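A quick write-up on the structure given underneath.
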Amino acid sequence: MNRIQVGHDASFRVGFSGHSGHLRLEPLPPVERPNPLSSLPDFISPPAFARETPETIKEYIEDTYLLPRLDPDEFSPEKVGRQWDFDWFDRAKVPLEPSLPRSVVVQKWELPFRRSKKESASGKWEPISEEVEVSDLMVGAQDTGPLPRMVGPAKDFIRGSINNRPFRPGGLDDSQSLDRIPPLGASNGEWVQEVLNGGPALVVPPSFKQGLDLGDLKAYSHSWKVYKGQSALKGKSEEKLNKLSIQFDDLLKKAWEEDDVAESKEDGHSPESDSIKLEVQLDEVEASSNVGDLESSVLDEILSVESGSKPGLDGTSDDGGRQKKEAWAVSGGNEGIADHFHELVPDMALDFPFELDTFQKEAIYYLEKGDSVFVAAHTSAGKTVVAEYAFALASKHCTRAVYTAPIKTISNQKYRDFCGKFDVGLLTGDVSLRPEASCLIMTTEILRSMLYKGADIIRDIEWVIFDEVHYVNDVERGVVWEEVIIMLPRHINIVLLSATVPNTIEFADWIGRTKQKQIRVTGTTKRPVPLEHCIFYSGELYKICESETFLPQGLKTAKDVHKKKNLSTGGGGSGTYSGPPSAAHDGARAQRRENPGRGKQNKYSGSQKVGNFYGTGGGNQNSSGSQSNWGSRRSEASLWLLLINKLSKKSLLPVVIFCFSKNRCDISADKMTGIDLTSSSEKHEIHVFCEKAFSRLKGSDRNLPQVIRVQSLLRRGIGVHHAGLLPIVKEVVEMLFCRGVVKVLFSTETFAMGVNAPARTVVFDSLRKFDGREFRQLLPGEYTQMAGRAGRRGLDKIGTVVVMCRDEIPDERDLKHVIVGSATRLASQFRLTYIMILHLLRVEELKVEDMLKRSFAEFHAQKKLPEKQQLLMRKLAQPTKTIECIKGEPTIEEYYDMYTEAEQHSNQILETVMQSSAAQQFLTLGRVVVVKSQSVQDHLIGVVVKAPSASSKQYIVLVLKPHLPSTLQTPSESGNLQDKKSGAFPEGHFILPKAKRALEDDYYTSTTSRKASGTVNIKLPYHGAAAGVSYEVRGIDNKEFLCICIHKIKIDQVGLLEDANNAAYSKTVQQLLGLKSKGHKYPPALDPLKDLKLKDMTLVETYYKWNSLLQKMADNKCHECVKLEEHIKLAKELKRHKEEVNALRFQMSDEALQQMPDFQGRIDVLQEIGCIDADLVVQIKGRVACEMNSGEELICTECLFENQLDDLEPEEAVALMSALVFQQKNTSEPSLTPKLSQAKQRLYNTAIRLGELQAQFKLQISPEEYAQDNLKFGLVEVVYEWAKGTPFADICELTDVPEGLIVRTIVRLDETCREFRNAAAIMGNSALHKKMEAASNAIKRDIVFAASLYITGL
């Protein structure tokens, strides 16, 4: 070994000794020092320890203290491959969290120029500390706003807790929480800006004596950006001041941008001048772009449209980028995105192995920009691509995405589809798989519960994907979609996937307005696989529609064949009518539905029912004997064989046949006994698949009749799919159909909604369905949804849709409406529920009124609020006129109120009372009456002078007119005053004193002895004056009588009508004046009971009120005012203005909401039963009700608080609880034990009492219907036996309910047990908590809780 040189010339060499190879050092004698320049070694070994650098120190600290490490004991090499059988989230050793403090101390930040000039001993400004309640910091509960909510316990991270506040919904800016904002120091970032500006750093925390020593801080290099003011103000001085203005909001956004000072100095320009020049250039560019002189590339145009002005619904915007009307739904401006997609989105979060469609590229581009998207496209058009890209973006951004679906089957299937691509978890009512995953698939109800309970996972969610949004039209569950959309926080973006609907823009506009964010609307009406529609009649297919165009010729050909067949056979063919059947046919089917004939032992006999359930069409329902039924069965079976053979010859298999009845699906499949559609290899594949799938069932469950029957059908390529099947059987059928080995599938319409499995052909067994209430035609939207399953993308060039026709062919109008008609519009199904009200009342900042305002039902009314606000301001700004009364204090308002009230009763009185035969008998000669004046709003006393005759249908009456000065009389009045001697009075006439009148002009008692001839010699209307009063004789209809008085006077008809004698007029006037001088303006009216013979008490009351109003109006001093007509018009105008203002205020208030009366009634019910107190504070009973999601919350809560489950065993308790979740109405009557019968009656009585209470508070609820709709006891016996351990095959014999519904009920029952268990914890009832634990364990076994094939795989 060579010599090794060390310090101080101490030389040694390293050697080995012994077999062990120990090292030893051997010193060497000193030698002469060599030349250092010539003795440099060729290689220098590295030091024993590497040199420490900041990077290595940081890495060491991170590795040692910051990075998480696995437990070496649990994750040792000896334990590799070990599986844990418990949930890490539930059993993680989380240190106990201290209770939250009631208050915290925060620093109050102030602007520099507002700070106190008194400096501390250190010479630095010291901020003031302030104590703030923690509840104030939690108000709002939003991640994106200035008030973050504190994180809750780890166990409530996913599901949330009833103790949590919900996150503040996005768009809810006018909440009360804004009034309770803590000091700025608790939330803002002004400290950072001040430090960057060279100010003193705050190093001492509030309430601490000393802090960190940061040394001397220097100002951070930055520059102010100064630019021209955008708005030119009026006035030269203001214009000069704002020529170079600094906007405060822009300073917060732009002032701290880093400028390259070195480069600017090298170029010889100052940053300030460059900034000003840049802004001037930008202004010039904007100006030139507005004019249209600037030429730019297509990409620049796209980006400028997105970042500049927001186009309206029509794609237009006004100059300067300001909208005339803000649009929340944007559907235009997409041109060029598809052509330049890869340039706009160069780094995609997820690559697809195929070329994307235009709408998919547009949606992905908007997702990359962080916009919310509404995609409307046909089935199988590729909407799932958008959902997958949202998942990919969440994974890329280290956030979360939530996929919600209306049906559990869709959730399971999507979990299987996404499992290989993303980090996926599944949350449903009974399954919780990997809830910590970044991409979560869940039902919409689960997401609603998480939002109401304030789950902390909501903070991490970036995207929420709503699939099958058109399900919002569902009457029962559509409200859940609206609740979730309203409750989503602002930081969450929304992706909506829907079938094509007519009002996509309207729905997107509602969402955008509710969430205060723009919604990008895209989609396509083009089908990926075009459809052709045919009708199948008499063994042939007739094409009736192609490329969305109806073909009448094909229908005409089919009708000609039908007509010839009827002529040759004499009519009366058998079969089921697919068009509108007779009322007797519907009634018979409905009656059979009410009384199901499926026996307990022959549940699967199938063909036994065909003659009863679907008999011959029209009036052949009552055909005689079993021969008719057998012929019907044979014709039905041969019809299916004929159709399948026809489709097979044309290579149109596989086919999905939609039957709108579970029973109908089983019957049709069982009749196809002589058909086999599978090859030997396909039979082998089906056999192996079924064996592997059903091997997870225990022995007795594998031999269930349904499992054996379905397997025998599957081997022949025939499948059945409906809600009555066991879940595992349904999944086997779905998976085999997707593999292509099932050629014919009889299914209900849920297959079109819940399973993504297209076919070559779709067949409609009928165009009519029973929707739970009545038989009706299919809606265009329903037909389109099911027909969309025809045509497999990439396999078929065209999809075929067939409508079965038996003995009748539908009308062309009906076919057109269903096939090419407009789809069903999205409509609000929003309704108030008790659990929604209680959840919102728990939080002070969230009001039920806010939820009602933001519902889709109130969208149009709320959309018009700004216009109504402006209209109200204009009306309030209008100058109001005043009434100047010449008689002192104005009482015209009181008079007008009486007048309008009388007008309300006038129609009823005049048409009902005055037109009656009893009233007509009193309208004879001399009867005193009250009539309505034609000139002013007044009522005049008069007398009947002549009754109607054959020549004239009018009454002739003499009425006294108000006292008007001669100068106020109209020319027509003065010109028509006629006298037999002196003719017409001249204008400005006056009445002579009584002493100077002639004898014939004065009043005398004698009457003319000549008999009246009935002729009228005066010209009507006849005006005159007598006894100082003006009078008028005119003809009126019987509708103009306001009142018939009890008095009757003696009149001279000859002198009044034939001779026009002044003495006769004077006498009549004197008599009428005598009746008026008795203290009232009008004489008393006829008695309604004695005289008019009225029997309706309401009418009698109205009559008395009517006459009282007439007297009050007559006694009012405004009655004979000369300005009455003018003041009435003015009062009417003021009243109308006041009513319009009040109406606008009412429309803008919460009281105008459609469901406000229902809300008030429900609040009263909740107060009555003790869920809330008088101050609307939720009590413990209300908190328990908030836990009840699976059953009716009031019934469940009352059941718990009345201790109805205390005396029951766990098996009996869970059996009784099945009535809360079971949904089928008509079942066989269960056989119950006495104890269960008593508990059943007790629970039913509770429901009746709650129904009566709701009806008492004016809710539209019938107590009997309420109890029957929410309590269905059909499976009480079945669940009781199941909980006791009875095998599934045995409990199926106890009822006629299909096996699938039994399993679904028991699975939901497990969720109900969990809710009752949580409620028991709130109530402090440990016995009930243990009982629910035992009940849940008793029902969780065997085939009912078999894992889904989609989740576990095969």
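Chain labels follow the order of the structure tokens: the first chain is A, the next B, and so on; residue numbering restarts at 1 in every chain, and ligands are counted from 1 in their shown order.
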Might you pull out every residue within 8 Å of segment 391-394 of chain A, with only C-alpha atoms counted and same-chain residues fewer than 6 positions away left off, and present them as an MDAnalysis selection string? chainID A and resid 349:350 368 400:401 422 438:439 462:463
Prev. selection, N, CA and C atoms, output as a PDB file, in the first residue's frame:
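And here's selection02.pdb as it stands now:
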ATOM      1  N   ALA A 349     -55.767  17.332 -18.256  1.00  0.00           N
ATOM      2  CA  ALA A 349     -55.669  16.542 -17.036  1.00  0.00           C
ATOM      3  C   ALA A 349     -55.943  15.072 -17.288  1.00  0.00           C
ATOM      4  N   LEU A 350     -56.638  14.745 -18.374  1.00  0.00           N
ATOM      5  CA  LEU A 350     -56.959  13.363 -18.710  1.00  0.00           C
ATOM      6  C   LEU A 350     -57.010  13.244 -20.221  1.00  0.00           C
ATOM      7  N   GLU A 368     -61.656  23.678 -17.395  1.00  0.00           N
ATOM      8  CA  GLU A 368     -60.287  24.130 -17.173  1.00  0.00           C
ATOM      9  C   GLU A 368     -60.253  25.578 -16.689  1.00  0.00           C
ATOM     10  N   ARG A 400     -61.294  17.537  -4.157  1.00  0.00           N
ATOM     11  CA  ARG A 400     -62.234  16.419  -4.253  1.00  0.00           C
ATOM     12  C   ARG A 400     -63.337  16.751  -5.249  1.00  0.00           C
ATOM     13  N   ALA A 401     -63.911  15.702  -5.810  1.00  0.00           N
ATOM     14  CA  ALA A 401     -65.075  15.825  -6.687  1.00  0.00           C
ATOM     15  C   ALA A 401     -66.131  14.839  -6.214  1.00  0.00           C
ATOM     16  N   PHE A 422     -59.532   6.402 -11.391  1.00  0.00           N
ATOM     17  CA  PHE A 422     -59.387   7.444 -10.377  1.00  0.00           C
ATOM     18  C   PHE A 422     -59.367   6.821  -8.990  1.00  0.00           C
ATOM     19  N   SER A 438     -60.407  10.864  -3.209  1.00  0.00           N
ATOM     20  CA  SER A 438     -60.560  12.217  -3.768  1.00  0.00           C
ATOM     21  C   SER A 438     -61.782  12.326  -4.652  1.00  0.00           C
ATOM     22  N   CYS A 439     -62.255  11.225  -5.209  1.00  0.00           N
ATOM     23  CA  CYS A 439     -63.447  11.227  -6.058  1.00  0.00           C
ATOM     24  C   CYS A 439     -64.508  10.361  -5.391  1.00  0.00           C
ATOM     25  N   GLU A 462     -64.215  20.502  -4.890  1.00  0.00           N
ATOM     26  CA  GLU A 462     -64.113  21.505  -5.961  1.00  0.00           C
ATOM     27  C   GLU A 462     -65.242  21.366  -6.980  1.00  0.00           C
ATOM     28  N   TRP A 463     -65.670  20.127  -7.254  1.00  0.00           N
ATOM     29  CA  TRP A 463     -66.702  19.882  -8.261  1.00  0.00           C
ATOM     30  C   TRP A 463     -67.793  19.005  -7.675  1.00  0.00           C
TER      31      TRP A 463
END
Mind pulling up the distance from atom CA of Asn756 of chain A to atom CA of Glu691 of chain A? 24.1 Å
Among the residues of segment 407-535 of chain A, find those DSSP assigns to helix (DSSP H, G or I) from the backbone and print them as a PyMOL selection string. chain A and resi 408-419+444-452+456-460+469-473+478-487+504-515
For Ser651 of chain A, find every residue with an atom within 10 Å (counting only C-alpha atoms), except residues of its own chain fewer than 6 positions away, and show them as a list in words. Asn645, Arg760 and Thr761 of chain A
Go ahead and write the residues just picked, N, CA, C and O atoms, as an mmCIF file, in the first residue's frame.
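Below is the file part_39.cif, written as the result:
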data_model
loop_
_atom_site.group_PDB
_atom_site.id
_atom_site.type_symbol
_atom_site.label_atom_id
_atom_site.label_comp_id
_atom_site.auth_asym_id
_atom_site.auth_seq_id
_atom_site.Cartn_x
_atom_site.Cartn_y
_atom_site.Cartn_z
ATOM 1 N N ASN A 645 -88.340 -13.554 -33.989
ATOM 2 C CA ASN A 645 -87.832 -14.142 -35.235
ATOM 3 C C ASN A 645 -87.612 -13.075 -36.294
ATOM 4 O O ASN A 645 -86.628 -13.117 -37.051
ATOM 5 N N ARG A 760 -79.338 -2.997 -29.605
ATOM 6 C CA ARG A 760 -79.535 -2.725 -31.036
ATOM 7 C C ARG A 760 -80.941 -2.208 -31.304
ATOM 8 O O ARG A 760 -81.151 -1.336 -32.132
ATOM 9 N N THR A 761 -81.899 -2.757 -30.557
ATOM 10 C CA THR A 761 -83.305 -2.431 -30.792
ATOM 11 C C THR A 761 -84.005 -2.233 -29.459
ATOM 12 O O THR A 761 -83.656 -2.867 -28.456
#
